[in-house]
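Visitor: Input file: upload.cif. Contents: mmCIF, C-alpha atoms.
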```cif
data_run
#
loop_
_atom_site.label_atom_id
_atom_site.label_comp_id
_atom_site.auth_asym_id
_atom_site.auth_seq_id
_atom_site.Cartn_x
_atom_site.Cartn_y
_atom_site.Cartn_z
CA MET A 62 -16.95 -73.94 -54.22
CA ALA A 63 -18.06 -70.45 -55.25
CA ALA A 64 -19.70 -68.16 -52.71
CA ASP A 65 -23.01 -67.84 -54.58
CA GLN A 66 -26.64 -68.39 -53.69
CA ASN A 67 -26.61 -72.01 -54.86
CA ALA A 68 -23.62 -72.81 -52.68
CA LYS A 69 -25.43 -71.47 -49.63
CA THR A 70 -28.19 -74.05 -49.99
CA LEU A 71 -25.91 -77.09 -50.15
CA VAL A 72 -26.04 -79.66 -47.33
CA ALA A 73 -29.20 -78.07 -45.92
CA GLY A 74 -27.44 -74.94 -44.78
CA PHE A 75 -24.43 -76.53 -43.12
CA CYS A 76 -22.17 -73.85 -44.59
CA VAL A 77 -19.63 -71.37 -43.34
CA ARG A 78 -17.67 -68.68 -45.13
CA VAL A 79 -13.92 -69.22 -45.32
CA GLY A 80 -12.20 -66.29 -46.96
CA GLN A 81 -14.12 -65.84 -50.22
CA GLU A 82 -15.57 -69.37 -50.28
CA VAL A 83 -18.58 -71.06 -48.75
CA VAL A 84 -17.79 -74.63 -47.74
CA PRO A 85 -19.71 -77.36 -45.89
CA LEU A 86 -19.40 -77.01 -42.15
CA PHE A 87 -18.32 -80.62 -41.59
CA GLN A 88 -15.07 -79.95 -43.42
CA TRP A 89 -13.98 -77.78 -40.52
CA PHE A 90 -15.55 -79.23 -37.39
CA ASP A 91 -18.31 -81.59 -36.33
CA PRO A 92 -21.73 -80.90 -37.92
CA ILE A 93 -23.37 -79.44 -34.82
CA GLY A 94 -25.92 -77.13 -36.37
CA ARG A 95 -27.00 -75.01 -39.29
CA ILE A 96 -24.83 -72.00 -40.01
CA ALA A 97 -26.38 -69.13 -41.95
CA VAL A 98 -24.07 -66.93 -43.98
CA ASP A 99 -24.70 -63.66 -45.81
CA SER A 100 -21.71 -63.26 -48.11
CA ASP A 101 -23.02 -59.96 -49.49
CA ARG A 102 -23.10 -58.01 -46.21
CA CYS A 103 -20.01 -57.22 -44.14
CA PRO A 104 -20.96 -57.40 -40.45
CA PHE A 105 -18.09 -55.20 -39.27
CA TRP A 106 -18.63 -51.49 -38.75
CA ASN A 107 -15.00 -51.03 -37.64
CA PRO A 108 -12.75 -50.57 -40.72
CA GLN A 109 -9.85 -52.49 -39.16
CA ALA A 110 -12.08 -55.48 -38.44
CA ALA A 111 -13.63 -55.24 -41.91
CA ASP A 112 -10.17 -55.37 -43.51
CA ALA A 113 -8.97 -58.34 -41.46
CA GLN A 114 -8.03 -61.56 -43.26
CA LEU A 115 -10.17 -63.78 -41.07
CA LEU A 116 -10.27 -67.53 -41.58
CA GLY A 117 -14.05 -67.77 -41.39
CA LEU A 118 -17.32 -66.34 -40.17
CA VAL A 119 -19.93 -68.41 -38.31
CA GLN A 120 -23.50 -67.29 -37.62
CA PRO A 121 -25.19 -70.02 -35.52
CA HIS A 122 -28.71 -70.13 -34.17
CA PRO A 123 -28.82 -69.52 -30.40
CA GLN A 124 -29.64 -73.16 -29.58
CA GLU A 125 -26.55 -74.28 -31.49
CA LEU A 126 -24.16 -72.00 -29.62
CA PRO A 127 -23.33 -74.29 -26.65
CA ASP A 128 -22.16 -77.10 -28.94
CA LEU A 129 -20.31 -74.68 -31.19
CA ILE A 130 -18.39 -73.14 -28.27
CA GLY A 131 -17.93 -76.36 -26.31
CA GLN A 132 -16.56 -78.28 -29.31
CA TRP A 133 -14.45 -75.46 -30.72
CA ALA A 134 -11.15 -76.87 -31.94
CA ARG A 135 -10.01 -74.24 -34.42
CA GLN A 136 -7.81 -71.18 -33.89
CA ARG A 137 -8.09 -69.45 -30.52
CA PRO A 138 -9.19 -67.03 -29.37
CA LEU A 139 -12.50 -67.05 -31.20
CA ARG A 140 -13.46 -63.49 -32.06
CA VAL A 141 -17.02 -62.33 -31.37
CA CYS A 142 -18.95 -59.71 -33.33
CA GLY A 143 -22.04 -58.08 -31.83
CA GLY A 144 -22.17 -54.48 -33.00
CA GLY A 145 -18.91 -54.85 -34.93
CA THR A 146 -17.45 -51.57 -33.63
CA THR A 147 -14.32 -52.95 -31.97
CA SER A 148 -11.15 -53.54 -33.96
CA GLN A 149 -11.04 -57.12 -32.67
CA ALA A 150 -14.48 -58.14 -33.90
CA ALA A 151 -12.32 -59.83 -36.54
CA ALA A 152 -8.59 -60.45 -36.76
CA ASP A 153 -6.07 -61.86 -39.21
CA GLY A 154 -5.83 -65.64 -38.94
CA HIS A 155 -8.86 -66.05 -36.66
CA TRP A 156 -12.51 -67.04 -36.89
CA THR A 157 -15.34 -64.68 -35.97
CA LEU A 158 -18.61 -65.63 -34.33
CA ASP A 159 -21.14 -63.13 -35.70
CA LEU A 160 -24.23 -62.63 -33.52
CA GLN A 161 -25.89 -59.93 -35.59
CA ARG A 162 -28.09 -62.21 -37.69
CA GLN A 163 -29.45 -64.64 -35.10
CA CYS A 164 -29.26 -62.66 -31.82
CA ALA A 165 -30.65 -59.24 -32.70
CA ALA A 166 -34.07 -59.37 -31.06
CA ILE A 167 -35.31 -56.44 -28.98
CA GLU A 168 -38.35 -57.21 -26.82
CA TRP A 169 -40.27 -54.75 -24.66
CA ARG A 170 -42.27 -55.98 -21.67
CA CYS A 171 -44.84 -53.44 -20.51
CA SER A 172 -45.64 -55.24 -17.24
CA ASP A 173 -42.44 -54.29 -15.41
CA GLN A 174 -40.81 -52.14 -18.13
CA PRO A 175 -37.46 -53.86 -18.72
CA VAL A 176 -36.21 -54.47 -22.25
CA TRP A 177 -34.58 -57.57 -23.71
CA VAL A 178 -31.66 -56.70 -25.98
CA GLY A 179 -30.03 -59.37 -28.11
CA ALA A 180 -26.26 -59.43 -28.47
CA GLY A 181 -26.50 -58.61 -32.17
CA SER A 182 -28.37 -55.35 -31.60
CA ARG A 183 -26.88 -51.89 -31.53
CA MET A 184 -27.71 -49.36 -28.84
CA GLY A 185 -29.38 -47.07 -31.36
CA ALA A 186 -31.83 -49.83 -32.24
CA GLY A 187 -32.74 -50.15 -28.58
CA LEU A 188 -33.36 -46.42 -28.27
CA ASP A 189 -35.54 -46.42 -31.38
CA ALA A 190 -37.53 -49.46 -30.25
CA LEU A 191 -38.34 -47.88 -26.87
CA LEU A 192 -39.19 -44.44 -28.22
CA PRO A 193 -42.90 -45.18 -28.91
CA TYR A 194 -43.31 -46.37 -25.31
CA GLY A 195 -41.79 -43.26 -23.74
CA ARG A 196 -38.84 -45.22 -22.33
CA THR A 197 -35.08 -45.11 -22.83
CA ILE A 198 -31.91 -46.91 -21.80
CA ALA A 199 -28.60 -45.62 -20.47
CA ALA A 200 -26.92 -45.42 -23.87
CA GLY A 201 -23.91 -43.35 -24.88
CA LEU A 202 -23.27 -40.57 -27.35
CA SER A 203 -23.32 -43.00 -30.29
CA GLY A 204 -25.95 -45.52 -31.30
CA PHE A 205 -23.45 -47.70 -33.20
CA PRO A 206 -21.96 -49.83 -30.35
CA GLY A 207 -23.47 -53.22 -29.66
CA LEU A 208 -24.06 -55.00 -26.38
CA GLY A 209 -20.36 -54.83 -25.58
CA TYR A 210 -21.02 -51.21 -24.62
CA VAL A 211 -23.19 -52.47 -21.75
CA LEU A 212 -21.13 -55.51 -20.77
CA THR A 213 -17.88 -53.55 -20.38
CA GLY A 214 -19.40 -50.71 -18.33
CA GLY A 215 -21.24 -48.29 -20.56
CA ARG A 216 -21.16 -44.58 -19.78
CA GLY A 217 -23.50 -41.97 -21.27
CA PRO A 218 -25.10 -38.57 -20.58
CA LEU A 219 -27.61 -40.13 -18.15
CA SER A 220 -25.02 -42.07 -16.15
CA ARG A 221 -24.59 -39.47 -13.42
CA ARG A 222 -28.30 -39.74 -12.71
CA PHE A 223 -28.98 -43.46 -13.23
CA GLY A 224 -25.58 -45.17 -13.14
CA LEU A 225 -23.57 -47.04 -15.75
CA ALA A 226 -25.23 -49.23 -18.35
CA VAL A 227 -23.77 -52.30 -16.61
CA ASP A 228 -25.64 -51.22 -13.46
CA GLN A 229 -28.94 -51.56 -15.34
CA LEU A 230 -28.45 -55.30 -16.01
CA LEU A 231 -31.26 -57.46 -14.64
CA GLU A 232 -30.57 -60.72 -16.47
CA ILE A 233 -27.78 -62.15 -18.63
CA GLN A 234 -28.05 -65.20 -20.88
CA GLY A 235 -25.29 -66.83 -22.86
CA VAL A 236 -22.69 -69.58 -23.04
CA TRP A 237 -19.49 -69.82 -21.01
CA GLY A 238 -16.24 -70.44 -22.85
CA ASN A 239 -16.50 -74.13 -21.92
CA GLY A 240 -19.81 -74.46 -23.79
CA ARG A 241 -22.10 -74.46 -20.75
CA ALA A 242 -25.24 -72.36 -21.20
CA PHE A 243 -26.33 -70.04 -18.39
CA ALA A 244 -29.10 -67.65 -17.44
CA LEU A 245 -28.26 -65.45 -14.46
CA SER A 246 -30.32 -62.74 -12.79
CA ARG A 247 -29.19 -59.90 -10.58
CA GLN A 248 -31.85 -60.77 -8.03
CA GLU A 249 -30.62 -64.34 -7.53
CA HIS A 250 -26.92 -64.17 -8.46
CA HIS A 251 -25.74 -60.64 -7.57
CA ASP A 252 -23.36 -61.95 -4.89
CA THR A 253 -21.66 -64.56 -7.10
CA ALA A 254 -18.32 -64.35 -8.88
CA GLU A 255 -20.07 -65.31 -12.13
CA TRP A 256 -22.40 -62.31 -12.04
CA ARG A 257 -19.62 -59.93 -11.06
CA GLY A 258 -17.37 -61.27 -13.80
CA LEU A 259 -20.00 -60.90 -16.52
CA CYS A 260 -20.76 -57.32 -15.42
CA GLY A 261 -17.68 -55.65 -16.86
CA ALA A 262 -15.49 -58.52 -18.12
CA ALA A 263 -17.89 -60.72 -20.09
CA PRO A 264 -15.86 -60.79 -23.36
CA PHE A 265 -13.12 -62.78 -21.61
CA LEU A 266 -15.48 -65.31 -20.06
CA ALA A 267 -18.53 -65.99 -22.18
CA VAL A 268 -20.49 -65.36 -25.34
CA VAL A 269 -23.49 -63.37 -24.16
CA GLN A 270 -26.60 -63.89 -26.29
CA GLY A 271 -28.76 -61.24 -24.71
CA VAL A 272 -29.56 -59.24 -21.59
CA ARG A 273 -32.55 -57.75 -19.83
CA LEU A 274 -32.03 -54.10 -18.94
CA ALA A 275 -33.88 -51.68 -16.70
CA THR A 276 -35.29 -48.70 -18.59
CA GLN A 277 -35.95 -45.10 -17.64
CA SER A 278 -38.71 -42.66 -18.54
CA LEU A 279 -37.96 -40.73 -21.71
CA ARG A 280 -37.59 -37.07 -20.78
CA PRO A 281 -36.61 -34.05 -22.86
CA LEU A 282 -32.93 -33.15 -22.62
CA TRP A 283 -31.36 -29.74 -22.92
CA ILE A 284 -28.00 -29.45 -24.62
CA GLU A 285 -25.38 -26.79 -25.22
CA GLN A 286 -22.48 -27.16 -27.62
CA PHE A 287 -19.41 -25.08 -26.88
CA VAL A 288 -15.86 -24.47 -28.05
CA ALA A 289 -13.07 -23.72 -25.59
CA PRO A 290 -9.26 -23.36 -25.71
CA PRO A 291 -7.38 -26.35 -24.22
CA GLN A 292 -5.96 -24.29 -21.36
CA ASP A 293 -9.51 -23.70 -20.08
CA LEU A 294 -10.20 -27.42 -19.65
CA PRO A 295 -9.15 -27.70 -15.96
CA ALA A 296 -11.44 -24.81 -14.97
CA LEU A 297 -14.27 -26.18 -17.11
CA MET A 298 -13.89 -29.61 -15.52
CA ALA A 299 -13.74 -28.16 -12.00
CA HIS A 300 -17.05 -26.40 -12.65
CA ALA A 301 -18.55 -29.63 -14.01
CA GLU A 302 -17.44 -31.56 -10.92
CA ARG A 303 -19.58 -29.21 -8.80
CA SER A 304 -22.67 -29.62 -10.98
CA ASP A 305 -25.75 -31.60 -9.94
CA PRO A 306 -26.30 -35.19 -11.19
CA GLN A 307 -28.74 -34.05 -13.88
CA THR A 308 -25.88 -32.38 -15.77
CA SER A 309 -23.12 -34.09 -17.75
CA VAL A 310 -20.19 -32.69 -19.75
CA GLN A 311 -18.13 -34.31 -22.50
CA TRP A 312 -15.55 -32.86 -24.85
CA HIS A 313 -13.44 -33.79 -27.87
CA TRP A 314 -9.99 -32.42 -28.75
CA GLY A 315 -8.72 -33.16 -32.20
CA GLY A 316 -5.61 -31.01 -31.98
CA GLY A 317 -5.04 -27.31 -32.49
CA ASP A 318 -6.52 -24.71 -30.17
CA ALA A 319 -10.17 -25.78 -30.15
CA VAL A 320 -11.87 -28.24 -27.82
CA HIS A 321 -15.46 -29.06 -28.81
CA GLY A 322 -17.77 -29.79 -25.91
CA LEU A 323 -21.33 -30.80 -25.13
CA ARG A 324 -23.26 -30.06 -21.95
CA VAL A 325 -26.36 -32.22 -21.42
CA ARG A 326 -28.98 -31.65 -18.72
CA GLU A 327 -32.39 -33.01 -17.78
CA GLY A 328 -34.03 -29.62 -17.58
CA ALA A 329 -33.73 -26.17 -19.04
CA PHE A 330 -30.68 -24.00 -18.49
CA ALA A 331 -29.41 -20.74 -19.95
CA GLY A 332 -27.91 -21.30 -23.38
CA GLY A 333 -29.37 -24.79 -23.76
CA GLN A 334 -31.57 -26.12 -26.55
CA PRO A 335 -34.21 -28.85 -26.03
CA ILE A 336 -34.01 -32.22 -27.79
CA ALA A 337 -36.33 -35.24 -27.51
CA GLY A 338 -33.88 -37.66 -25.87
CA LEU A 339 -30.62 -39.57 -26.26
CA HIS A 340 -31.51 -40.71 -29.77
CA ALA A 341 -31.44 -37.04 -30.86
CA LEU A 342 -27.98 -36.15 -29.50
CA PRO A 343 -25.79 -34.38 -32.09
CA PRO A 344 -22.27 -35.68 -32.81
CA LEU A 345 -19.39 -33.86 -31.15
CA THR A 346 -17.33 -33.95 -34.34
CA SER A 347 -17.88 -34.46 -38.05
CA PRO A 348 -17.44 -38.00 -39.42
CA PRO A 349 -13.99 -38.72 -40.88
CA PRO A 350 -13.55 -38.70 -44.66
CA VAL A 351 -14.09 -42.02 -46.43
CA GLN A 352 -10.75 -41.87 -48.23
CA PRO A 353 -8.10 -42.75 -47.39
CA ARG A 354 -9.33 -45.64 -45.26
CA ILE A 355 -8.38 -45.15 -41.62
CA HIS A 356 -7.61 -47.73 -38.94
CA ALA A 357 -7.66 -46.82 -35.25
CA GLU A 358 -7.34 -48.09 -31.70
CA GLY A 359 -8.74 -46.44 -28.58
CA VAL A 360 -7.89 -46.63 -24.89
CA GLY A 361 -10.23 -45.38 -22.16
CA LEU A 362 -8.76 -44.10 -18.89
CA LEU A 363 -10.50 -43.37 -15.59
CA GLY A 364 -9.75 -40.77 -12.96
CA PRO A 365 -11.33 -39.16 -9.88
CA ALA A 366 -12.59 -35.62 -9.39
CA ALA A 367 -9.24 -33.85 -9.51
CA ALA A 368 -9.30 -30.91 -11.90
CA GLU A 369 -6.11 -29.62 -10.26
CA ARG A 370 -4.27 -32.73 -11.48
CA TRP A 371 -5.44 -31.96 -14.98
CA ALA A 372 -3.92 -28.50 -14.62
CA SER A 373 -0.56 -30.09 -13.78
CA VAL A 374 -0.56 -32.48 -16.74
CA MET A 375 -1.92 -30.03 -19.33
CA PRO A 376 1.48 -28.70 -20.55
CA ALA A 377 2.64 -32.23 -21.49
CA VAL A 378 -0.78 -33.08 -22.94
CA GLN A 379 -0.85 -29.94 -25.09
CA GLN A 380 2.62 -30.67 -26.42
CA LEU A 381 1.64 -34.21 -27.40
CA MET A 382 -1.57 -33.01 -29.03
CA GLN A 383 0.52 -30.67 -31.16
CA GLN A 384 2.67 -33.66 -32.18
CA ARG A 385 -0.14 -35.93 -33.32
CA PRO A 386 1.22 -38.29 -36.02
CA HIS A 387 -2.13 -38.34 -37.85
CA PRO A 388 -5.10 -35.91 -37.95
CA GLY A 389 -7.37 -38.68 -36.69
CA CYS A 390 -5.46 -38.95 -33.41
CA SER A 391 -7.53 -37.31 -30.70
CA LEU A 392 -8.37 -37.01 -27.02
CA ALA A 393 -11.94 -36.99 -25.73
CA CYS A 394 -13.39 -37.03 -22.22
CA GLN A 395 -16.70 -37.98 -20.61
CA GLN A 396 -18.01 -37.18 -17.14
CA LEU A 397 -19.08 -39.82 -14.62
CA GLY A 398 -19.77 -39.52 -10.90
CA ALA A 399 -22.87 -39.15 -8.73
CA ALA A 400 -24.87 -42.38 -9.27
CA THR A 401 -21.92 -44.25 -10.80
CA CYS A 402 -20.01 -43.85 -7.51
CA LYS A 403 -22.76 -45.32 -5.33
CA ILE A 404 -22.44 -48.94 -6.47
CA PRO A 405 -20.13 -51.09 -4.26
CA ILE A 406 -16.80 -51.94 -5.87
CA GLU A 407 -17.37 -55.67 -5.43
CA ALA A 408 -20.73 -55.59 -7.25
CA THR A 409 -19.25 -55.55 -10.77
CA SER A 410 -15.94 -55.83 -12.62
CA PHE A 411 -16.03 -52.06 -13.11
CA VAL A 412 -13.97 -51.40 -9.98
CA HIS A 413 -13.16 -47.70 -10.41
CA ARG A 414 -16.26 -46.43 -8.66
CA ASP A 415 -14.48 -43.24 -7.63
CA ALA A 416 -14.04 -42.28 -11.28
CA VAL A 417 -15.49 -38.94 -12.39
CA TRP A 418 -13.67 -38.56 -15.71
CA LYS A 419 -13.10 -40.96 -18.56
CA PRO A 420 -10.56 -39.68 -21.12
CA TRP A 421 -10.54 -41.60 -24.41
CA ILE A 422 -7.33 -41.62 -26.47
CA THR A 423 -7.66 -42.53 -30.15
CA ALA A 424 -4.64 -43.45 -32.27
CA ALA A 425 -5.29 -43.41 -36.02
CA TRP A 426 -3.32 -44.20 -39.17
CA VAL A 427 -3.86 -44.90 -42.85
CA ALA A 428 -4.77 -48.54 -43.45
CA GLY A 429 -1.70 -50.51 -44.52
CA ASP A 430 0.80 -47.94 -43.25
CA THR A 431 2.78 -50.03 -40.76
CA THR A 432 5.15 -47.15 -39.93
CA GLY A 433 2.22 -44.83 -39.32
CA ARG A 434 0.58 -47.46 -37.12
CA SER A 435 3.71 -47.79 -34.98
CA ARG A 436 4.04 -44.01 -34.62
CA SER A 437 0.39 -43.53 -33.66
CA LEU A 438 0.38 -46.35 -31.11
CA ALA A 439 3.59 -44.96 -29.58
CA TRP A 440 1.91 -41.55 -29.40
CA LEU A 441 -1.09 -43.15 -27.65
CA GLU A 442 1.16 -44.66 -25.00
CA GLN A 443 2.98 -41.36 -24.49
CA LEU A 444 -0.30 -39.50 -24.00
CA TRP A 445 -1.51 -42.27 -21.70
CA ALA A 446 1.63 -41.84 -19.56
CA ALA A 447 1.14 -38.07 -19.45
CA LEU A 448 -2.46 -38.47 -18.24
CA GLU A 449 -1.74 -41.24 -15.74
CA PRO A 450 -1.20 -38.94 -12.73
CA ALA A 451 -4.74 -37.63 -13.21
CA CYS A 452 -6.32 -40.84 -14.50
CA PRO A 453 -4.63 -43.97 -13.10
CA GLY A 454 -7.45 -46.38 -14.02
CA VAL A 455 -8.53 -47.98 -17.29
CA HIS A 456 -12.01 -48.57 -18.70
CA LEU A 457 -11.63 -51.71 -20.80
CA ALA A 458 -14.25 -50.90 -23.44
CA GLN A 459 -12.13 -52.33 -26.29
CA LEU A 460 -10.14 -55.55 -26.53
CA HIS A 461 -6.40 -55.10 -27.01
CA ASP A 462 -5.03 -58.60 -26.52
CA HIS A 463 -3.13 -58.09 -29.79
CA LEU A 464 -1.17 -55.09 -28.47
CA SER A 465 1.89 -54.86 -26.23
CA PHE A 466 0.16 -52.98 -23.41
CA HIS A 467 -2.60 -55.56 -22.89
CA GLN A 468 -1.32 -56.80 -19.51
CA LYS A 469 -0.86 -53.26 -18.21
CA GLU A 470 -4.38 -52.45 -19.34
CA LEU A 471 -5.82 -55.48 -17.53
CA THR A 472 -4.04 -54.58 -14.31
CA GLN A 473 -5.24 -50.98 -14.37
CA ALA A 474 -8.77 -51.98 -15.38
CA PHE A 475 -9.49 -54.65 -12.78
CA GLY A 476 -6.99 -53.96 -9.98
CA SER A 477 -7.21 -56.35 -7.03
CA TRP A 478 -10.15 -58.18 -8.67
CA LEU A 479 -7.93 -59.44 -11.52
CA PRO A 480 -6.76 -62.63 -9.71
CA GLY A 481 -10.39 -63.48 -8.97
CA LEU A 482 -11.31 -62.92 -12.60
CA ARG A 483 -8.50 -65.18 -13.75
CA ALA A 484 -9.61 -67.89 -11.35
CA LEU A 485 -13.14 -67.60 -12.75
CA LYS A 486 -11.85 -67.80 -16.31
CA ALA A 487 -9.92 -70.97 -15.46
CA GLN A 488 -13.26 -72.53 -14.48
CA VAL A 489 -15.53 -71.28 -17.26
CA ASP A 490 -13.04 -71.05 -20.17
CA PRO A 491 -10.20 -73.46 -19.37
CA ASP A 492 -9.14 -73.92 -22.99
CA GLY A 493 -8.87 -70.18 -23.72
CA THR A 494 -11.51 -70.19 -26.44
CA LEU A 495 -12.16 -66.50 -25.68
CA PRO A 496 -9.58 -63.67 -25.38
CA THR A 497 -6.73 -63.88 -22.89
CA LEU A 498 -7.25 -62.40 -19.44
#
```
Using structure tokens, write down the structure from this file.
Guide:
Amino acid sequence: MAADQNAKTLVAGFCVRVGQEVVPLFQWFDPIGRIAVDSDRCPFWNPQAADAQLLGLVQPHPQELPDLIGQWARQRPLRVCGGGTTSQAAADGHWTLDLQRQCAAIEWRCSDQPVWVGAGSRMGAGLDALLPYGRTIAAGLSGFPGLGYVLTGGRGPLSRRFGLAVDQLLEIQGVWGNGRAFALSRQEHHDTAEWRGLCGAAPFLAVVQGVRLATQSLRPLWIEQFVAPPQDLPALMAHAERSDPQTSVQWHWGGGDAVHGLRVREGAFAGGQPIAGLHALPPLTSPPPVQPRIHAEGVGLLGPAAAERWASVMPAVQQLMQQRPHPGCSLACQQLGAATCKIPIEATSFVHRDAVWKPWITAAWVAGDTTGRSRSLAWLEQLWAALEPACPGVHLAQLHDHLSFHQKELTQAFGSWLPGLRALKAQVDPDGTLPTL
């Protein structure tokens, strides 16, 4: 059956895309609901996900999701696409559940000023929707990530003042991996394993359809962009560790002798320039060229306020940065601390509440270059090992259940809470419909 407009209307919409075809849903599993498919729009922002040879793409209405998840009998794990920025929003030989079409609502409630954000919405859309009301959310440097940014932690320039994005969660609605629908609130369920698990480890446990987030008043921000040599990073970070919570520093190192940084503050400071808010933040680096097509994986680490440890690891880090196997390989870092450290460890699955720095290692290679992929991933692990004395934790903002270091990553991300998480997963996702924990 050809993937054309006529095919989409067959059997009253009971269709799903399989490769380049649109076929009736009942050929693949029980007819549990209407599946809408847009064969002309790729839902994946991540190039690696967009290039994946997935078996099919399903886009159910929210009320159909419990039956879809509960009766899932195809390949596992089922991949989930919200913003489509993670490499595992789609994978070879797997199905993807795309939430962007049916779960993209953003609703503002003036009475108590929270915002409802659907799982198919990107953070930039939330910022834009709140702008006319003089409100904002604790977003990051990019507006592209979807709700996974919030559900896995979520760190941005306002985090030192207001906390992580996951700390702003007021309500979570979705479907557990066993097909049971839920609606949990922080007020009523904050002391349960279910709430803690969803706040930081949701992708392993449930398909979240939407959340209600606290918002903050939109205030002007002052920013300063700077360039520094790599050897100055420990001193720069030591100075940042002493700054007040209204100030945040992040930097990006793409190799060579130049580190590009951004200082953000709620209030004027010497050398700063005013901008309207988070939606106006400039990028730290220029976008990569379109050709050749690049694939990448990223690992986020977490470490305490210890600039002196950075001084000790810098020689090894500089050597590895000079040996990058691809120009797209890079090291970036974001500042946490202050408000992010005040939340009890047992409140969420983000257990590294002492973290003040989050380095982000990106390994990149030309799409299809298997040798280049192996070299870049090996380089990532070498840089990870070099940084480990300064940053022993992991921020699990991307899924890597397809890579060899997945179990190490889980251990360093969740620590002593990992057995509790696995016990929770055994209850709410016993068949492993969602990624392995």
Visitor: List the neighbours of segment 154-156 of chain A out to 12 Å using all atoms listed in the file; skip same-chain residues closer than 4 positions along the sequence, and give me the result as a PyMOL selection string.
Guide: chain A and resi 77-80+89+110+113-120+133-142+149-150+463+494-496
Visitor: Contacts of segment 302-306 of chain A at 9 Å or less, counting all atoms listed in the file, minus same-chain residues fewer than 3 places along, as JSON, numbers by chain?
Guide: {"A": [219, 220, 221, 222, 223, 297, 298, 299, 309, 326, 366, 367, 368, 396, 398, 399, 400, 417]}
Visitor: Taking all atoms listed in the file into account, which of A:Leu323, A:Val374, A:Ile404, A:Leu485 comes nearest Ala446 of chain A?
Guide: A:Val374
Visitor: Where does the PyMOL selection byres ((chain A and resi 429) around 12) land in this file, that is, which residues does it pick, as a list of chain:residue names?
Guide: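 This file gives the following for the PyMOL selection byres ((chain A and resi 429) around 12): A:Pro108, A:Gln109, A:Asp112, A:Ala113, A:Pro353, A:Arg354, A:Ile355, A:His356, A:Ala357, A:Ala425, A:Trp426, A:Val427, A:Ala428, A:Asp430, A:Thr431, A:Thr432, A:Gly433, A:Arg434, A:Ser435.
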Visitor: Store the residues of this selection in a file with C-alpha atoms, as a JSON list (two decimals), keeping the file's coordinate frame.
Guide:
```json
[["chain", "number", "residue", "atom", "x", "y", "z"],
["A", 108, "PRO", "CA", -12.75, -50.57, -40.72],
["A", 109, "GLN", "CA", -9.85, -52.49, -39.16],
["A", 112, "ASP", "CA", -10.17, -55.37, -43.51],
["A", 113, "ALA", "CA", -8.97, -58.34, -41.46],
["A", 353, "PRO", "CA", -8.10, -42.75, -47.39],
["A", 354, "ARG", "CA", -9.33, -45.64, -45.26],
["A", 355, "ILE", "CA", -8.38, -45.15, -41.62],
["A", 356, "HIS", "CA", -7.61, -47.73, -38.94],
["A", 357, "ALA", "CA", -7.66, -46.82, -35.25],
["A", 425, "ALA", "CA", -5.29, -43.41, -36.02],
["A", 426, "TRP", "CA", -3.32, -44.20, -39.17],
["A", 427, "VAL", "CA", -3.86, -44.90, -42.85],
["A", 428, "ALA", "CA", -4.77, -48.54, -43.45],
["A", 430, "ASP", "CA", 0.80, -47.94, -43.25],
["A", 431, "THR", "CA", 2.78, -50.03, -40.76],
["A", 432, "THR", "CA", 5.15, -47.15, -39.93],
["A", 433, "GLY", "CA", 2.22, -44.83, -39.32],
["A", 434, "ARG", "CA", 0.58, -47.46, -37.12],
["A", 435, "SER", "CA", 3.71, -47.79, -34.98]]
```
Visitor: Residues proximal to (-29.6, -44.4, -28.1) were defined as those with any atom within 9 Å of that point in the file's coordinates, counting all atoms listed in the file. Which are they, as an MDAnalysis selection string?
Guide: chainID A and resid 183:189 197:205 338:342
Visitor: Quote the spacing between atom CA of His251 of chain A and atom CA of Leu397 of chain A in Å to one decimal place.
Guide: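 These two atoms are separated by 23.0 Å.
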